[in-house]
Amino acid sequence: MSNLKLGVEVHSAQGLMAKDGQGSACPYVELHFDHQKFTTTVKEKDLDPYWNETFYFNISDPNNLSSLTLDAYVYNRTKGNNSKSFMGKVHISGTSFVQYSDAVVFHYPLEKRSIFSRVKGELGLKVFITDNPSVMSSNPVPQMDTSSHGRKESKDSRRTFHHLPNSNAVQQPQFPSQQPYMAPMNQPQQAYAYGVEDMRNQNQSQFQNQPKVVRMYSGSSSQPMEFALKETSPFLGGGQVIGGRVVTRDNRRASTYDLVEPMQFLFVRVVKAQDLPSMDVTGSLDPFVEVRVGNYKGITRHFSKTSSPEWNTVFAFSRERMQATAVDVVVKDKDMIKDDFVGVVRVNLHDIPTRVPPDSPLAPEWYRLEDKKGDKKKGELMLAVWIGTQADEAFPEAFLVDQATGSVDSTVSSMYTRAKVYHSPRLWYVRVNVIEVQDLVWGEKNRFPDVYVKVQINNQVLKTRTVQARNANALWNEDMMLVAAEPFEDHLILSIEDRAGPNKDEVLGKVFIPLNSVERRADDRMIHSRWFNLQDPSDHDVDEKMKKKDKFSTRLHLRVCLDGGYHVLDESTQYSSDLRPTAKQLWKPSIGILELGILNASALHPMKTREGRGTTDAYCVAKFGHKWVRTRTVIDSLTPRFNEQYTWEVYDPSTVITIGVFDNSQLENDSNSKDVRIGKIRIRISTLETGRVYTHSYPLLVLHPSGVKKMGELHLAIRFSSTSMMNMMYMYSKPLLPKMHYVRPLTVVQLEMLRHQAVGIVAARLSRAEPPLRREIVEYMTDANSHLWSMRRSKANFFRLMSVFNGVFAVSKWFGEVCLWKNPFTTALVHALFVMLVSFPELILPTVFLYMFLIGLWNYWFRAQYPPHMNTRLSYADGVSPDELDEEFDTFPTSRNPDIVRHRYDRLRSVAGRIQSVVGDIASQGERLQGLLSWRDPRATLIFMVFCLVAAFVLYATPFQVLVILSGFYVMRHPRFRHKLPSVALSFFRRLPARTDSML
């Protein structure tokens, strides 16, 4: 039997139709696939149920997978528990099944079972294929009763299938049933141990081995010294960096690598050989070259049966580790048992020239081969040997012979250890407006078909609502957005499908549109619609299909375009490194240059074991804009030295560069192993002063299940140089995102789904490079999982918010002291100031009190006619489910089944995730307000100070009443004088830095 399985995660449903006559329902889901049937739990009185249950189906014949279908039926358990009522269904064909890494939760609109069915709402499913042998198919277990005890269940509700935990779930440690009480965040510190003392008095010994009480109070923002940033003064290529400035002590030659420490390398370029002697009895020769410097050696690939091979290979040896006086370049003959010696070229290190760019490359020369005694023999080898630095043009392509171990075969390091520059593909939003279909042709003529349109690009699948096609026509007029990447190698596939029956979806025809033929636009201008003739769905050859004549008269009316006016988000918005739109004609000139020098890392933790000792094969990845860079991998070193410098153009100061450090796990040729993250750093460009060189050692902090750990330190040198200060200042008045984001905004759900697709496309493209930039690297660098719930982040955001309001609390406390006359002199001064302010605006306070009088008079006519009483709607007690009530009256610690507790925890995560984001956003706004005068962004503070100075003179010279009238008229201006783009002040405020850059 095949190990291939189909995984289905039943996530949630939204907006279901009420079925019990009381405005609610008790829904559950039945899954049907390949003659197998699984059932979820029943959710009592819930029109927006949340399951998060995963089931695994056996696939009997993987070759027939595309013809199989997955059907998900939503039913309502009726009152008598002996029947069920239909609420909707979802039909997914086997052609849309993807691997788990590409799967995402899709909310499918519920479809009718027949013409007379009444359904509404959506069902969220995540469908994927897995061949993991550890995953077992689901087994039936009795369903637990989540409502009242003693209730009899129907056959469908009594039998369910136990769901396996999600593959990305982390196994939580199991604690004893008695646990310390964890107080909510809004409780005072003294109440945090509530409940603990009572239980401790009952049985003191029960708490001896328990975790300590978690106290959620805010401490100082400072952190331990080992986690702090350290400023350094290294000697770089341009001189020593002191206080952010490069100080040169002598007349140094200008170098493009002035932000890294110069590292000398011995370069040996093996070009080719000619007239090599034959070594075998057959007269053949399989030559290769071995370059030896002391204990280090690099080996070229071998050629079969030739005496004139061409290698054109460069080897680089670190000068600081060499303990030899000569370079031996040995030509050998590849043999099964022992390689034969052909000849050698020996070069004395004292005779090797030094090359400094921009000198021209050293020309290779012919050298006669010698035998082991030093006598000339037949054959010549073309070589170039010189001493240079990492600024040499040959350095990026050179085979770096390992600097820590004795020797390394160059064929091993060639693929996975080189430094490379990558460019992520240019992403486009594909907007598909499905308007209508005409002249449908379907099999059964005795009914009207229920049709919908499925839009697909690779694994991106969207569907329209199901419409009944009367008169062989159907109208949708629905907009859908997908993501595509240049070069456009894929087709946009639209298929019209008929919901013929519960287990039957008939494809009535397909339309294949090459993406490179789709019209592009850079604004919101109207795109002309087109009629597309449907093709025969039975023909699977797309290219032949495009050439064939149309067989059907059925036509699909579409409006398709590539929207280039948006910025396709593949990163978290707050950490974005590029905010430009896709269309190049909308790009503005760059405002500066960002230069990054990756110097070294120190005190790295061992990430693997090799030869009985801990070691790390570290490399760095930096991302800014479309350009990714990857340093070379320093093998077997806990203190690697990189000293590589890279440059980016900057188009917006409110962008962030991300640098990550990883352990290379590909050297053992294990394709299933993943590169392990060591840590990452974020630097916001707007926080950098122009022209200053920042040389700091950054701690690499990673959060583990056991807590935060410092994995080492990364030493960087970074400089931002502005090409036009005026252009950069002008950017602060512009909106953060391109115009299309405000003219035709996308919903939050759309942005999250499109960002997930964009990250998947970028990861797929970069993983095919050489060396590959693997998916786990791309997801870590782009914060692909930043939206997931975290109690730690929620507490952090809460205390950020409290820190923002500390100033308000301090002012309130001071005013209270003034009112209490604790300092009579201060109170007298405040009284004098208060009298002075009130004396001039005579009508302010009378108007306020008169307005409040009129409001009270108006409310008199609508006053309540009865005393206040309990309000169930205000308390949200009218729509509470039995499970929520059971949770509210549960004991502490809980006495419920672990499955119930797991469900409640998952529900808490989904709700608290939204709260976490909102609290974080509020805290960010307060931190931006604090950043106006903090000089965290020097240019923004300078702009605000100039504004304050000008505003002071204007307010002094202009009567107060005039300013109030003008401001009121501006706020109440006619909509004709409004525009959808945010104001200059709001755009400036949104660009101010927040403390999110410093959060893990």
# chains A, B, ... in the order shown; residues from 1 in each chain; ligands from 1
>>> residues_around(residues="Val330 in chain A", least_positions_apart="3", cutoff="7 Å", atoms="only C-alpha atoms", output="NGL selection string")
:A and (289-291 or 343-345)
>>> write_last_selection(atoms="all heavy atoms", output="PDB file, in the first residue's frame")
ATOM      1  N   VAL A 289      44.128  18.260 -11.426  1.00  0.00           N
ATOM      2  CA  VAL A 289      45.187  19.042 -10.788  1.00  0.00           C
ATOM      3  C   VAL A 289      44.904  19.133  -9.295  1.00  0.00           C
ATOM      4  O   VAL A 289      43.758  19.363  -8.881  1.00  0.00           O
ATOM      5  CB  VAL A 289      45.287  20.448 -11.398  1.00  0.00           C
ATOM      6  CG1 VAL A 289      46.294  21.304 -10.630  1.00  0.00           C
ATOM      7  CG2 VAL A 289      45.700  20.360 -12.858  1.00  0.00           C
ATOM      8  N   GLU A 290      45.955  18.959  -8.528  1.00  0.00           N
ATOM      9  CA  GLU A 290      45.887  19.116  -7.080  1.00  0.00           C
ATOM     10  C   GLU A 290      46.834  20.236  -6.686  1.00  0.00           C
ATOM     11  O   GLU A 290      48.047  20.159  -6.938  1.00  0.00           O
ATOM     12  CB  GLU A 290      46.276  17.801  -6.397  1.00  0.00           C
ATOM     13  CG  GLU A 290      46.214  17.841  -4.885  1.00  0.00           C
ATOM     14  CD  GLU A 290      46.616  16.519  -4.266  1.00  0.00           C
ATOM     15  OE1 GLU A 290      45.798  15.570  -4.330  1.00  0.00           O
ATOM     16  OE2 GLU A 290      47.753  16.420  -3.763  1.00  0.00           O
ATOM     17  N   VAL A 291      46.281  21.311  -6.075  1.00  0.00           N
ATOM     18  CA  VAL A 291      47.071  22.462  -5.642  1.00  0.00           C
ATOM     19  C   VAL A 291      47.316  22.324  -4.150  1.00  0.00           C
ATOM     20  O   VAL A 291      46.355  22.282  -3.364  1.00  0.00           O
ATOM     21  CB  VAL A 291      46.352  23.782  -5.959  1.00  0.00           C
ATOM     22  CG1 VAL A 291      47.196  24.967  -5.545  1.00  0.00           C
ATOM     23  CG2 VAL A 291      46.009  23.873  -7.446  1.00  0.00           C
ATOM     24  N   GLY A 343      53.100  15.137 -13.187  1.00  0.00           N
ATOM     25  CA  GLY A 343      54.116  16.180 -13.133  1.00  0.00           C
ATOM     26  C   GLY A 343      53.727  17.233 -12.129  1.00  0.00           C
ATOM     27  O   GLY A 343      52.597  17.256 -11.622  1.00  0.00           O
ATOM     28  N   VAL A 344      54.669  18.134 -11.832  1.00  0.00           N
ATOM     29  CA  VAL A 344      54.441  19.145 -10.829  1.00  0.00           C
ATOM     30  C   VAL A 344      55.061  20.462 -11.288  1.00  0.00           C
ATOM     31  O   VAL A 344      56.064  20.464 -12.014  1.00  0.00           O
ATOM     32  CB  VAL A 344      55.031  18.710  -9.467  1.00  0.00           C
ATOM     33  CG1 VAL A 344      56.528  18.555  -9.542  1.00  0.00           C
ATOM     34  CG2 VAL A 344      54.641  19.700  -8.356  1.00  0.00           C
ATOM     35  N   VAL A 345      54.411  21.552 -10.862  1.00  0.00           N
ATOM     36  CA  VAL A 345      54.963  22.899 -11.030  1.00  0.00           C
ATOM     37  C   VAL A 345      55.078  23.501  -9.638  1.00  0.00           C
ATOM     38  O   VAL A 345      54.087  23.586  -8.912  1.00  0.00           O
ATOM     39  CB  VAL A 345      54.067  23.779 -11.920  1.00  0.00           C
ATOM     40  CG1 VAL A 345      54.594  25.203 -11.955  1.00  0.00           C
ATOM     41  CG2 VAL A 345      53.974  23.217 -13.330  1.00  0.00           C
TER      42      VAL A 345
END
>>> select_by_dssp(residues="range 407-620 of chain A", states="strand (DSSP E or B)", output="ChimeraX atom specification")
/A:420-423,427-438,450-457,460-463,467-468,474-485,491-501,504-514,520-521,530-533,535,555-563,592-602,608-610,613-615,618-620
>>> residues_around(residues="range 528-535 of chain A", least_positions_apart="4", cutoff="6 Å", atoms="only C-alpha atoms", output="list of chain:residue names")
A:Gly509, A:Lys510, A:Val511, A:Thr554, A:Arg555, A:Leu556, A:His557, A:Leu558, A:Arg559
>>> residues_around(residues="range 125-127 of chain A", least_positions_apart="2", cutoff="10 Å", atoms="only C-alpha atoms", output="ChimeraX atom specification")
/A:6-13,52-56,70,72,90,92,96-100,102-108,122-123,129
>>> write_last_selection(atoms="N, CA, C and O atoms", output="tab-separated table (two decimals), in the first residue's frame")
chain	number	residue	atom	x	y	z
A	6	LEU	N	-3.46	12.01	2.15
A	6	LEU	CA	-4.06	13.33	1.96
A	6	LEU	C	-4.43	13.88	3.33
A	6	LEU	O	-5.21	13.28	4.06
A	7	GLY	N	-3.84	15.00	3.68
A	7	GLY	CA	-4.15	15.65	4.94
A	7	GLY	C	-5.16	16.77	4.73
A	7	GLY	O	-5.04	17.56	3.80
A	8	VAL	N	-6.15	16.82	5.60
A	8	VAL	CA	-7.18	17.85	5.53
A	8	VAL	C	-7.32	18.47	6.92
A	8	VAL	O	-7.68	17.78	7.89
A	9	GLU	N	-7.00	19.74	7.01
A	9	GLU	CA	-7.18	20.47	8.26
A	9	GLU	C	-8.46	21.28	8.17
A	9	GLU	O	-8.57	22.21	7.37
A	10	VAL	N	-9.45	20.89	8.96
A	10	VAL	CA	-10.71	21.63	9.03
A	10	VAL	C	-10.49	22.77	10.02
A	10	VAL	O	-10.45	22.57	11.23
A	11	HIS	N	-10.33	23.97	9.46
A	11	HIS	CA	-9.94	25.11	10.29
A	11	HIS	C	-11.15	25.75	10.97
A	11	HIS	O	-11.29	25.69	12.19
A	12	SER	N	-12.05	26.33	10.21
A	12	SER	CA	-13.18	27.03	10.80
A	12	SER	C	-14.22	27.27	9.72
A	12	SER	O	-14.00	27.00	8.54
A	13	ALA	N	-15.35	27.81	10.12
A	13	ALA	CA	-16.40	28.24	9.20
A	13	ALA	C	-16.87	29.62	9.62
A	13	ALA	O	-16.73	30.01	10.79
A	52	ASN	N	-10.12	23.43	13.96
A	52	ASN	CA	-8.67	23.18	13.94
A	52	ASN	C	-8.37	21.69	14.17
A	52	ASN	O	-7.55	21.32	14.99
A	53	GLU	N	-9.06	20.83	13.41
A	53	GLU	CA	-8.87	19.39	13.50
A	53	GLU	C	-8.31	18.90	12.17
A	53	GLU	O	-8.75	19.32	11.10
A	54	THR	N	-7.34	18.00	12.26
A	54	THR	CA	-6.65	17.50	11.07
A	54	THR	C	-6.90	16.01	10.92
A	54	THR	O	-6.80	15.25	11.89
A	55	PHE	N	-7.20	15.58	9.70
A	55	PHE	CA	-7.47	14.19	9.38
A	55	PHE	C	-6.56	13.77	8.24
A	55	PHE	O	-6.18	14.58	7.39
A	56	TYR	N	-6.24	12.48	8.20
A	56	TYR	CA	-5.37	11.94	7.16
A	56	TYR	C	-6.07	10.77	6.48
A	56	TYR	O	-6.49	9.81	7.13
A	70	LEU	N	-12.24	15.57	-3.13
A	70	LEU	CA	-12.50	15.70	-1.69
A	70	LEU	C	-13.79	16.51	-1.53
A	70	LEU	O	-13.91	17.61	-2.08
A	72	ALA	N	-16.42	18.08	1.31
A	72	ALA	CA	-16.63	18.46	2.71
A	72	ALA	C	-18.07	18.96	2.85
A	72	ALA	O	-18.45	19.95	2.20
A	90	VAL	N	-18.34	21.78	0.14
A	90	VAL	CA	-17.17	22.24	-0.62
A	90	VAL	C	-16.65	21.06	-1.40
A	90	VAL	O	-16.50	19.95	-0.85
A	92	ILE	N	-13.48	19.81	-3.83
A	92	ILE	CA	-12.11	20.11	-4.24
A	92	ILE	C	-11.61	18.96	-5.11
A	92	ILE	O	-11.60	17.80	-4.67
A	96	SER	N	-5.92	20.06	-7.58
A	96	SER	CA	-5.53	21.21	-6.76
A	96	SER	C	-4.81	20.80	-5.48
A	96	SER	O	-4.47	21.67	-4.68
A	97	PHE	N	-4.57	19.49	-5.27
A	97	PHE	CA	-3.85	19.06	-4.08
A	97	PHE	C	-2.37	19.43	-4.21
A	97	PHE	O	-1.76	19.23	-5.27
A	98	VAL	N	-1.78	19.96	-3.13
A	98	VAL	CA	-0.38	20.39	-3.14
A	98	VAL	C	0.34	19.76	-1.95
A	98	VAL	O	-0.27	19.16	-1.07
A	99	GLN	N	1.65	19.92	-1.94
A	99	GLN	CA	2.45	19.46	-0.81
A	99	GLN	C	2.18	20.33	0.40
A	99	GLN	O	1.68	21.46	0.29
A	100	TYR	N	2.56	19.83	1.58
A	100	TYR	CA	2.28	20.56	2.81
A	100	TYR	C	2.97	21.92	2.83
A	100	TYR	O	2.42	22.91	3.32
A	102	ASP	N	3.45	23.97	0.50
A	102	ASP	CA	2.76	24.95	-0.35
A	102	ASP	C	1.30	25.13	0.05
A	102	ASP	O	0.60	25.95	-0.56
A	103	ALA	N	0.83	24.39	1.04
A	103	ALA	CA	-0.58	24.45	1.41
A	103	ALA	C	-0.86	25.66	2.30
A	103	ALA	O	0.01	26.13	3.04
A	104	VAL	N	-2.06	26.16	2.22
A	104	VAL	CA	-2.49	27.29	3.03
A	104	VAL	C	-3.99	27.11	3.28
A	104	VAL	O	-4.69	26.46	2.50
A	105	VAL	N	-4.46	27.67	4.36
A	105	VAL	CA	-5.88	27.58	4.68
A	105	VAL	C	-6.67	28.45	3.70
A	105	VAL	O	-6.46	29.66	3.62
A	106	PHE	N	-7.55	27.82	2.92
A	106	PHE	CA	-8.42	28.55	2.02
A	106	PHE	C	-9.85	28.50	2.57
A	106	PHE	O	-10.31	27.45	3.04
A	107	HIS	N	-10.53	29.62	2.50
A	107	HIS	CA	-11.93	29.67	2.92
A	107	HIS	C	-12.80	29.54	1.67
A	107	HIS	O	-12.95	30.47	0.89
A	108	TYR	N	-13.34	28.33	1.51
A	108	TYR	CA	-14.14	28.03	0.33
A	108	TYR	C	-15.58	28.44	0.58
A	108	TYR	O	-16.16	28.13	1.64
A	122	GLU	N	-18.77	30.34	4.61
A	122	GLU	CA	-17.52	29.80	4.07
A	122	GLU	C	-16.98	28.73	5.01
A	122	GLU	O	-17.23	28.76	6.22
A	123	LEU	N	-16.20	27.83	4.43
A	123	LEU	CA	-15.55	26.77	5.20
A	123	LEU	C	-14.05	26.85	4.94
A	123	LEU	O	-13.60	26.82	3.79
A	129	ILE	N	-0.83	17.09	0.53
A	129	ILE	CA	-0.37	15.71	0.33
A	129	ILE	C	0.92	15.52	1.11
A	129	ILE	O	1.80	16.39	1.10
>>> closest_residue(among="A:Asp570, A:His350, A:Ile591, A:Val453", to="Pro425 in chain A", atoms="only C-alpha atoms")
A:Asp570
>>> residues_around(residues="Pro653 in chain A", least_positions_apart="5", cutoff="9 Å", atoms="only C-alpha atoms", output="PDB file with C-alpha atoms, in the first residue's frame")
ATOM      1  CA  ILE A 591      17.983  58.867  -2.352  1.00  0.00           C
ATOM      2  CA  GLY A 592      21.204  57.243  -1.207  1.00  0.00           C
ATOM      3  CA  ARG A 684      16.151  50.752   9.944  1.00  0.00           C
ATOM      4  CA  ILE A 685      17.725  53.116   7.430  1.00  0.00           C
ATOM      5  CA  SER A 686      16.021  56.222   8.817  1.00  0.00           C
ATOM      6  CA  THR A 687      17.820  55.708  12.137  1.00  0.00           C
ATOM      7  CA  MET A 728      15.181  62.414   1.173  1.00  0.00           C
ATOM      8  CA  MET A 731      10.089  61.487   1.047  1.00  0.00           C
ATOM      9  CA  TYR A 732       8.797  62.152   4.564  1.00  0.00           C
ATOM     10  CA  ARG A 991       7.461  57.102   8.769  1.00  0.00           C
TER      11      ARG A 991
END
>>> residues_around(residues="Phe227 in chain A", least_positions_apart="6", cutoff="9 Å", atoms="only C-alpha atoms", output="PyMOL selection string")
chain A and resi 698-701+710
>>> atom_distance(atom1="CA of Arg744 in chain A", atom2="CA of Asp524 in chain A")
7.6 Å
>>> closest_residue(among="A:Glu571, A:Glu689, A:Glu927, A:Glu770", to="Met802 in chain A", atoms="only C-alpha atoms")
A:Glu927
>>> residues_around(residues="range 112-114 of chain A", least_positions_apart="6", cutoff="9 Å", atoms="only C-alpha atoms", output="PyMOL selection string")
chain A and resi 86-90+120+450+466+499-502
>>> write_last_selection(atoms="C-alpha atoms", output="compact mmCIF listing (two decimals), in the first residue's frame")
# COMPACT_ATOMS: atom_id res chain seq x y z
CA PHE A 86 -27.65 20.23 5.18
CA MET A 87 -25.80 23.59 5.55
CA GLY A 88 -23.48 23.57 2.54
CA LYS A 89 -20.61 21.72 0.93
CA VAL A 90 -17.17 22.24 -0.62
CA LYS A 120 -24.44 30.72 2.99
CA ASP A 450 -25.05 25.65 -10.71
CA THR A 466 -21.99 29.52 -7.29
CA ARG A 499 -22.11 21.51 -9.38
CA ALA A 500 -24.02 18.58 -10.88
CA GLY A 501 -24.52 16.65 -7.65
CA PRO A 502 -23.18 16.02 -4.16
>>> atom_distance(atom1="CA of Asp899 in chain A", atom2="CA of Asn58 in chain A")
24.4 Å
>>> closest_residue(among="A:Lys813, A:Val421, A:Asn727, A:Tyr452", to="Cys620 in chain A", atoms="only C-alpha atoms")
A:Val421
